[in-house]
>>> print(open('protein.txt').read())   # compact mmCIF, C-alpha atoms
# COMPACT_ATOMS: atom_id res chain seq x y z
CA MET A 1 22.66 -13.26 -16.11
CA ASP A 2 21.38 -12.67 -12.59
CA LEU A 3 18.33 -10.55 -11.82
CA LYS A 4 20.33 -7.62 -10.49
CA THR A 5 22.40 -7.39 -13.65
CA ARG A 6 19.42 -7.89 -15.95
CA TYR A 7 17.17 -5.26 -14.38
CA GLY A 8 19.77 -2.90 -12.95
CA PHE A 9 18.31 -2.58 -9.45
CA LYS A 10 20.44 -1.74 -6.40
CA HIS A 11 18.84 -4.63 -4.53
CA ASN A 12 15.95 -6.96 -5.21
CA PRO A 13 13.00 -4.92 -3.89
CA PHE A 14 10.85 -7.99 -3.25
CA LEU A 15 13.17 -9.99 -0.99
CA PRO A 16 13.35 -9.63 2.81
CA ALA A 17 16.96 -8.37 2.76
CA VAL A 18 16.02 -4.78 1.88
CA PRO A 19 18.56 -2.33 3.39
CA VAL A 20 17.26 -1.04 6.69
CA GLU A 21 17.37 2.56 5.51
CA ASP A 22 15.04 1.62 2.63
CA ILE A 23 12.30 0.01 4.74
CA TRP A 24 8.88 1.56 4.11
CA LEU A 25 7.57 3.47 7.13
CA PRO A 26 3.97 4.67 6.69
CA PRO A 27 2.83 7.69 8.74
CA ARG A 28 1.37 5.65 11.62
CA VAL A 29 4.68 3.81 12.03
CA GLN A 30 6.63 7.06 12.02
CA LEU A 31 4.29 8.39 14.73
CA PHE A 32 4.91 5.27 16.81
CA PHE A 33 8.69 5.74 16.44
CA ARG A 34 8.37 9.26 17.82
CA ARG A 35 6.41 7.97 20.79
CA VAL A 36 9.00 5.29 21.50
CA ALA A 37 11.74 7.94 21.31
CA ALA A 38 9.92 9.77 24.10
CA VAL A 39 9.58 6.57 26.15
CA VAL A 40 13.35 6.03 25.98
CA ARG A 41 13.91 9.02 28.26
CA ASP A 42 11.62 7.73 31.02
CA GLY A 43 11.64 3.98 30.43
CA GLY A 44 8.67 1.70 30.02
CA TYR A 45 7.06 -0.69 27.59
CA ALA A 46 5.85 -0.52 24.01
CA ALA A 47 4.41 -3.17 21.72
CA ILE A 48 4.21 -3.83 17.99
CA LEU A 49 1.30 -6.16 17.26
CA GLY A 50 -0.11 -7.63 14.06
CA GLU A 51 -0.76 -10.76 12.11
CA PRO A 52 1.92 -12.47 9.94
CA GLY A 53 3.09 -10.60 6.86
CA LEU A 54 2.16 -7.08 7.94
CA GLY A 55 5.73 -5.95 8.60
CA LYS A 56 6.26 -6.39 12.35
CA SER A 57 9.84 -7.62 12.11
CA LYS A 58 10.79 -5.01 9.51
CA THR A 59 9.28 -2.32 11.70
CA THR A 60 11.30 -3.56 14.67
CA GLN A 61 14.46 -3.63 12.57
CA ALA A 62 13.84 -0.07 11.41
CA LEU A 63 13.11 1.02 14.99
CA ALA A 64 16.45 -0.35 16.21
CA TRP A 65 18.25 1.52 13.42
CA THR A 66 16.31 4.73 14.02
CA LEU A 67 16.96 4.75 17.78
CA SER A 68 20.68 4.05 17.28
CA ARG A 69 20.92 6.97 14.87
CA GLN A 70 19.00 9.28 17.19
CA SER A 71 21.88 9.42 19.67
CA GLU A 72 25.12 7.56 20.25
CA ASP A 73 24.08 7.43 23.92
CA ILE A 74 21.11 5.15 23.21
CA VAL A 75 22.11 1.52 23.73
CA VAL A 76 19.88 -0.93 21.84
CA GLY A 77 19.92 -4.66 22.57
CA VAL A 78 18.02 -7.01 20.27
CA MET A 79 17.06 -10.37 21.75
CA GLY A 80 17.76 -13.05 19.18
CA ARG A 81 16.33 -16.09 20.96
CA PRO A 82 13.05 -15.16 22.64
CA GLN A 83 12.09 -18.80 23.24
CA SER A 84 14.95 -19.29 25.74
CA LYS A 85 14.30 -20.41 29.29
CA LEU A 86 15.40 -18.24 32.21
CA SER A 87 19.03 -19.37 32.37
CA ASP A 88 19.70 -18.66 28.68
CA PHE A 89 17.55 -15.54 28.91
CA TYR A 90 19.97 -14.14 31.48
CA ARG A 91 22.97 -15.22 29.42
CA GLU A 92 21.66 -13.32 26.42
CA LEU A 93 20.86 -10.21 28.45
CA GLY A 94 24.40 -10.29 29.80
CA ASP A 95 25.81 -10.49 26.27
CA LEU A 96 23.58 -7.67 25.03
CA PHE A 97 24.46 -5.24 27.81
CA GLY A 98 28.06 -6.22 28.51
CA VAL A 99 27.56 -7.87 31.90
CA ASP A 100 29.32 -11.13 32.80
CA LEU A 101 26.53 -13.22 34.30
CA SER A 102 26.48 -16.63 35.90
CA PRO A 103 23.20 -18.48 35.29
CA ALA A 104 23.80 -20.32 38.57
CA ASN A 105 23.63 -16.99 40.42
CA ARG A 106 20.44 -15.44 39.08
CA TYR A 107 20.16 -12.95 41.93
CA GLY A 108 23.70 -11.76 41.24
CA GLY A 109 22.81 -11.35 37.59
CA PHE A 110 19.66 -9.46 38.51
CA LYS A 111 21.68 -6.99 40.59
CA ALA A 112 24.49 -6.68 38.02
CA LEU A 113 22.13 -5.86 35.14
CA ARG A 114 20.26 -3.25 37.16
CA ALA A 115 23.55 -1.68 38.27
CA ARG A 116 24.73 -1.49 34.65
CA TRP A 117 21.48 0.12 33.56
CA ARG A 118 21.63 2.67 36.39
CA GLU A 119 25.18 3.60 35.38
CA HIS A 120 24.04 4.15 31.81
CA ILE A 121 21.05 6.27 32.89
CA ASN A 122 23.21 8.43 35.16
CA ALA A 123 25.76 8.96 32.39
CA THR A 124 23.40 9.61 29.46
CA LEU A 125 19.87 10.26 30.83
CA PHE A 126 18.63 7.61 28.36
CA ARG A 127 17.21 4.24 29.36
CA PRO A 128 18.78 1.22 27.66
CA VAL A 129 16.50 -0.33 25.05
CA LEU A 130 15.61 -4.01 24.72
CA LEU A 131 13.84 -5.12 21.53
CA VAL A 132 12.16 -8.53 21.48
CA ASP A 133 10.97 -9.79 18.10
CA GLU A 134 8.60 -12.79 18.01
CA ALA A 135 7.79 -12.04 21.66
CA GLN A 136 4.78 -14.36 21.54
CA GLU A 137 7.34 -17.20 21.74
CA MET A 138 8.87 -15.94 25.01
CA PRO A 139 8.04 -18.03 28.09
CA THR A 140 5.88 -16.31 30.67
CA PRO A 141 8.60 -16.40 33.40
CA CYS A 142 10.98 -14.51 31.08
CA LEU A 143 8.41 -11.85 30.21
CA ASN A 144 7.68 -11.35 33.89
CA GLU A 145 11.41 -11.24 34.62
CA ILE A 146 11.74 -8.32 32.18
CA ARG A 147 9.08 -6.47 34.17
CA LEU A 148 10.75 -7.17 37.50
CA LEU A 149 14.25 -6.38 36.22
CA GLY A 150 13.22 -3.01 34.83
CA SER A 151 11.26 -1.80 37.83
CA ALA A 152 12.74 -0.21 40.97
CA ASN A 153 11.66 1.79 44.02
CA PHE A 154 8.21 0.21 44.29
CA ASP A 155 7.57 0.60 40.56
CA SER A 156 8.21 4.35 40.67
CA GLU A 157 11.47 4.09 38.70
CA VAL A 158 11.88 2.32 35.36
CA LEU A 159 15.40 1.26 34.35
CA LEU A 160 14.73 -0.15 30.88
CA THR A 161 12.76 0.57 27.72
CA THR A 162 11.34 -2.66 26.31
CA VAL A 163 9.64 -2.99 22.92
CA MET A 164 7.90 -6.32 22.33
CA CYS A 165 6.88 -7.38 18.84
CA GLY A 166 4.46 -10.22 18.27
CA ASP A 167 1.32 -11.53 16.63
CA GLY A 168 -2.16 -11.88 18.04
CA ARG A 169 -1.03 -14.52 20.52
CA LEU A 170 1.03 -11.89 22.35
CA ALA A 171 -1.92 -9.52 22.60
CA GLU A 172 -4.04 -12.38 23.94
CA ARG A 173 -1.39 -13.30 26.52
CA PHE A 174 -1.27 -9.70 27.75
CA ARG A 175 -4.94 -10.06 28.69
CA GLY A 176 -4.33 -13.25 30.67
CA LYS A 177 -3.92 -13.37 34.43
CA GLU A 178 -0.20 -14.24 34.39
CA LEU A 179 0.87 -11.38 32.12
CA LEU A 180 -1.75 -8.77 32.92
CA PRO A 181 0.72 -6.85 35.15
CA LEU A 182 3.02 -6.50 32.13
CA GLY A 183 0.29 -5.85 29.57
CA SER A 184 -1.19 -3.10 31.70
CA ARG A 185 2.17 -1.28 31.70
CA VAL A 186 2.48 -1.02 27.92
CA ARG A 187 2.50 2.73 27.31
CA THR A 188 2.21 2.80 23.54
CA ARG A 189 1.14 0.20 21.00
CA LEU A 190 1.37 -0.07 17.25
CA LEU A 191 -1.35 -2.32 15.87
CA LEU A 192 -0.53 -3.27 12.29
CA GLN A 193 -3.65 -4.05 10.30
CA PRO A 194 -4.17 -5.04 6.65
CA TYR A 195 -3.30 -2.14 4.36
CA SER A 196 -5.62 -0.50 1.88
CA PRO A 197 -4.86 -0.78 -1.86
CA ASP A 198 -3.71 2.85 -1.85
CA GLU A 199 -1.28 2.14 0.99
CA LEU A 200 0.05 -0.91 -0.82
CA ARG A 201 0.57 1.21 -3.92
CA ASP A 202 2.63 3.62 -1.81
CA PHE A 203 4.55 0.64 -0.41
CA LEU A 204 5.26 -0.72 -3.87
CA ARG A 205 6.33 2.65 -5.29
CA HIS A 206 8.65 3.11 -2.31
CA LEU A 207 10.28 -0.29 -2.90
CA LEU A 208 10.81 0.37 -6.59
CA GLU A 209 12.17 3.87 -6.13
CA ARG A 210 14.61 2.82 -3.40
CA ALA A 211 15.80 -0.03 -5.60
CA ALA A 212 16.33 2.48 -8.46
CA VAL A 213 13.83 0.73 -10.79
CA PRO A 214 10.68 2.88 -10.62
CA THR A 215 9.32 1.54 -13.94
CA LEU A 216 10.06 -2.16 -13.37
CA LEU A 217 6.33 -2.79 -12.90
CA SER A 218 3.72 -1.23 -15.14
CA GLU A 219 1.18 1.08 -13.52
CA GLY A 220 -1.57 -1.42 -14.27
CA LEU A 221 0.34 -4.24 -12.59
CA GLN A 222 0.99 -2.09 -9.52
CA GLN A 223 -2.75 -1.50 -9.21
CA THR A 224 -3.47 -5.19 -9.70
CA LEU A 225 -0.96 -6.32 -7.06
CA ALA A 226 -2.23 -3.75 -4.57
CA ALA A 227 -5.82 -4.89 -5.11
CA HIS A 228 -5.15 -8.64 -4.92
CA SER A 229 -2.72 -9.02 -2.00
CA ALA A 230 -5.27 -9.17 0.83
CA GLY A 231 -3.78 -6.02 2.34
CA ASN A 232 -0.60 -7.98 3.12
CA PRO A 233 2.83 -6.65 2.05
CA ARG A 234 4.42 -10.09 2.33
CA ILE A 235 1.93 -11.61 -0.09
CA LEU A 236 2.50 -8.71 -2.49
CA CYS A 237 6.28 -9.17 -2.40
CA GLN A 238 6.09 -12.94 -2.79
CA THR A 239 3.84 -12.54 -5.83
CA ALA A 240 6.10 -9.88 -7.36
CA ALA A 241 9.23 -11.96 -6.70
CA GLU A 242 7.73 -14.94 -8.52
CA MET A 243 6.74 -12.68 -11.42
CA LEU A 244 10.25 -11.23 -11.59
CA HIS A 245 11.80 -14.66 -12.11
CA ALA A 246 9.19 -15.51 -14.76
CA ALA A 247 9.83 -12.19 -16.53
CA ALA A 248 13.57 -12.87 -16.61
CA GLU A 249 12.96 -16.28 -18.19
CA ARG A 250 10.85 -14.59 -20.87
CA GLU A 251 13.41 -11.76 -21.27
CA MET A 252 10.77 -9.14 -20.46
CA SER A 253 12.06 -5.66 -19.65
CA GLN A 254 8.93 -4.71 -17.69
CA LEU A 255 6.46 -6.76 -15.68
CA ASP A 256 2.82 -6.18 -16.65
CA GLU A 257 -0.75 -7.34 -16.10
CA GLY A 258 -0.51 -9.90 -18.90
CA LEU A 259 2.20 -11.77 -17.03
CA TYR A 260 0.11 -11.61 -13.85
CA LEU A 261 -2.86 -13.20 -15.62
CA GLU A 262 -0.61 -15.85 -17.12
CA LEU A 263 0.78 -16.81 -13.71
CA PHE A 264 -2.12 -16.12 -11.34
CA GLY A 265 -5.25 -15.67 -13.45
CA PRO A 266 -8.23 -18.08 -13.60
CA GLU A 267 -6.59 -20.41 -16.12
CA ALA A 268 -3.39 -20.58 -14.07
CA ARG A 269 -5.41 -21.43 -10.95
CA LYS A 270 -7.22 -24.21 -12.82
CA ARG A 271 -3.88 -25.66 -13.96
CA ARG A 272 -2.54 -25.66 -10.42
CA ALA A 273 -5.75 -27.20 -9.07
CA GLY A 274 -5.60 -29.92 -11.71
>>> encode(input="protein.txt", output="structure tokens")
Amino acid sequence: MDLKTRYGFKHNPFLPAVPVEDIWLPPRVQLFFRRVAAVVRDGGYAAILGEPGLGKSKTTQALAWTLSRQSEDIVVGVMGRPQSKLSDFYRELGDLFGVDLSPANRYGGFKALRARWREHINATLFRPVLLVDEAQEMPTPCLNEIRLLGSANFDSEVLLTTVMCGDGRLAERFRGKELLPLGSRVRTRLLLQPYSPDELRDFLRHLLERAAVPTLLSEGLQQTLAAHSAGNPRILCQTAAEMLHAAAEREMSQLDEGLYLELFGPEARKRRAG
């Protein structure tokens, strides 16, 4: 019997493949989404920053979904290979925005993309949106090319809304000489920091309710996980996922603190160390 059948959830709440509409969005993230929605009308840059495991990629996924639902006139392109060099960077931009580009004619591609974006702005009044996950991996020439592509009329007109998502390396690069012109143009930033135990409890309740298994974890276990996950949702989910498999092997109907101590308590840590 698989886990879904055994526990009756709609989806495994602890795996990354949570439906986009069920992603947890705390108040500060919702506020950031509203700010980005305002940026889309004028164009510009936004950034999602934070260390691994704090939900940057999930936030970016939810932002793409939210913007697409806001209006059918908002075109959202998600860059799938941020580490590409300039030639492949242009190829991907062409694919995302429906422009047939020749990497051998970069100037022609530059003009064609800007013309396409202008057409879209004139028709809808919305700037096209480019989302870049793992932006810390993007080469400096490509990041600067985004800035140059999206700027017109001596920087008085912005043709594109770009949201860059990355870890602390991206924030550090924004402060460097080569990317300072881009970093200084970021209009709104979301800095994801470790969550408090109360926030992680909210996160966990949200996951369980959306998966239709609100009592899968005992109240005591929810408190324990929230207090011992270093403020990191990824660590919490990885711990809960491991417990779920162990509970299924033991034919437990509910996960509790006793199982946590068995798997992660002092004696368990000694066994692993030995």
>>> residues_near_point(input="protein.txt", point="(9.5, -5.8, 5.7)", cutoff="10 Å", atoms="all atoms listed in the file", output="list in words")
Phe14, Leu15, Pro16, Ala17, Val18, Pro19, Val20, Asp22, Ile23, Trp24, Leu25, Gly53, Leu54, Gly55, Lys56, Ser57, Lys58, Thr59, Thr60, Gln61, Ala62, Pro233, Arg234 and Cys237 of chain A
>>> closest_residue(input="protein.txt", among="A:Gly108, A:Gly220, A:Pro13, A:Pro194", to="Leu149 (chain A)", atoms="only C-alpha atoms")
A:Gly108
>>> closest_residue(input="protein.txt", among="A:Arg81, A:Arg127, A:His120, A:Arg189", to="Ile48 (chain A)", atoms="all atoms listed in the file")
A:Arg189
>>> residues_around(input="protein.txt", residues="region 90-102 of chain A", least_positions_apart="2", cutoff="8 Å", atoms="only C-alpha atoms", output="number ranges by chain")
A: 77-79, 86-88, 104-106, 108-109, 112-113, 116
>>> axis_aligned_box(input="protein.txt", around="region 55-61 of chain A", padding_each_side="6 Å", output="AutoDock Vina command-line options")
--center_x 10.1 --center_y -5.0 --center_z 11.6 --size_x 20.7 --size_y 17.3 --size_z 18.1
>>> atom_distance(input="protein.txt", atom1="CA of Thr161 (chain A)", atom2="CA of Ala46 (chain A)")
7.9 Å
>>> residues_around(input="protein.txt", residues="Glu137 (chain A)", least_positions_apart="4", cutoff="12 Å", atoms="all atoms listed in the file", output="PDB file with C-alpha atoms, in the frame of the given file")
ATOM      1  CA  MET A  79      17.060 -10.370  21.750  1.00  0.00           C
ATOM      2  CA  GLY A  80      17.760 -13.050  19.180  1.00  0.00           C
ATOM      3  CA  ARG A  81      16.330 -16.090  20.960  1.00  0.00           C
ATOM      4  CA  PRO A  82      13.050 -15.160  22.640  1.00  0.00           C
ATOM      5  CA  GLN A  83      12.090 -18.800  23.240  1.00  0.00           C
ATOM      6  CA  SER A  84      14.950 -19.290  25.740  1.00  0.00           C
ATOM      7  CA  LYS A  85      14.300 -20.410  29.290  1.00  0.00           C
ATOM      8  CA  VAL A 132      12.160  -8.530  21.480  1.00  0.00           C
ATOM      9  CA  ASP A 133      10.970  -9.790  18.100  1.00  0.00           C
ATOM     10  CA  PRO A 141       8.600 -16.400  33.400  1.00  0.00           C
ATOM     11  CA  CYS A 142      10.980 -14.510  31.080  1.00  0.00           C
ATOM     12  CA  LEU A 143       8.410 -11.850  30.210  1.00  0.00           C
ATOM     13  CA  MET A 164       7.900  -6.320  22.330  1.00  0.00           C
ATOM     14  CA  CYS A 165       6.880  -7.380  18.840  1.00  0.00           C
ATOM     15  CA  GLY A 166       4.460 -10.220  18.270  1.00  0.00           C
ATOM     16  CA  ASP A 167       1.320 -11.530  16.630  1.00  0.00           C
ATOM     17  CA  GLY A 168      -2.160 -11.880  18.040  1.00  0.00           C
ATOM     18  CA  ARG A 169      -1.030 -14.520  20.520  1.00  0.00           C
ATOM     19  CA  LEU A 170       1.030 -11.890  22.350  1.00  0.00           C
ATOM     20  CA  ARG A 173      -1.390 -13.300  26.520  1.00  0.00           C
TER      21      ARG A 173
END
>>> closest_residue(input="protein.txt", among="A:Leu49, A:Leu261, A:Ala64, A:Met252", to="Leu131 (chain A)", atoms="all atoms listed in the file")
A:Ala64
>>> residues_around(input="protein.txt", residues="Val158 (chain A)", least_positions_apart="4", cutoff="8 Å", atoms="only C-alpha atoms", output="ChimeraX atom specification")
/A:42-44,150-152
>>> write_last_selection(input="protein.txt", atoms="C-alpha atoms", output="mmCIF file, in the frame of the given file")
data_model
loop_
_atom_site.group_PDB
_atom_site.id
_atom_site.type_symbol
_atom_site.label_atom_id
_atom_site.label_comp_id
_atom_site.auth_asym_id
_atom_site.auth_seq_id
_atom_site.Cartn_x
_atom_site.Cartn_y
_atom_site.Cartn_z
ATOM 1 C CA ASP A 42 11.620 7.730 31.020
ATOM 2 C CA GLY A 43 11.640 3.980 30.430
ATOM 3 C CA GLY A 44 8.670 1.700 30.020
ATOM 4 C CA GLY A 150 13.220 -3.010 34.830
ATOM 5 C CA SER A 151 11.260 -1.800 37.830
ATOM 6 C CA ALA A 152 12.740 -0.210 40.970
#
>>> atom_distance(input="protein.txt", atom1="CA of Arg210 (chain A)", atom2="CA of Glu249 (chain A)")
24.2 Å
>>> closest_residue(input="protein.txt", among="A:Ile146, A:Lys10, A:Leu216, A:Phe264", to="Ala247 (chain A)", atoms="all atoms listed in the file")
A:Leu216
>>> atom_distance(input="protein.txt", atom1="CA of Ala226 (chain A)", atom2="CA of Arg35 (chain A)")
29.2 Å
>>> residues_near_point(input="protein.txt", point="(-3.4, 2.8, 11.6)", cutoff="9 Å", atoms="only C-alpha atoms", output="PyMOL selection string")
chain A and resi 27-29+190-193+195
>>> closest_residue(input="protein.txt", among="A:Ala47, A:Ile74, A:Leu208, A:Leu125", to="Asn12 (chain A)", atoms="all atoms listed in the file")
A:Leu208
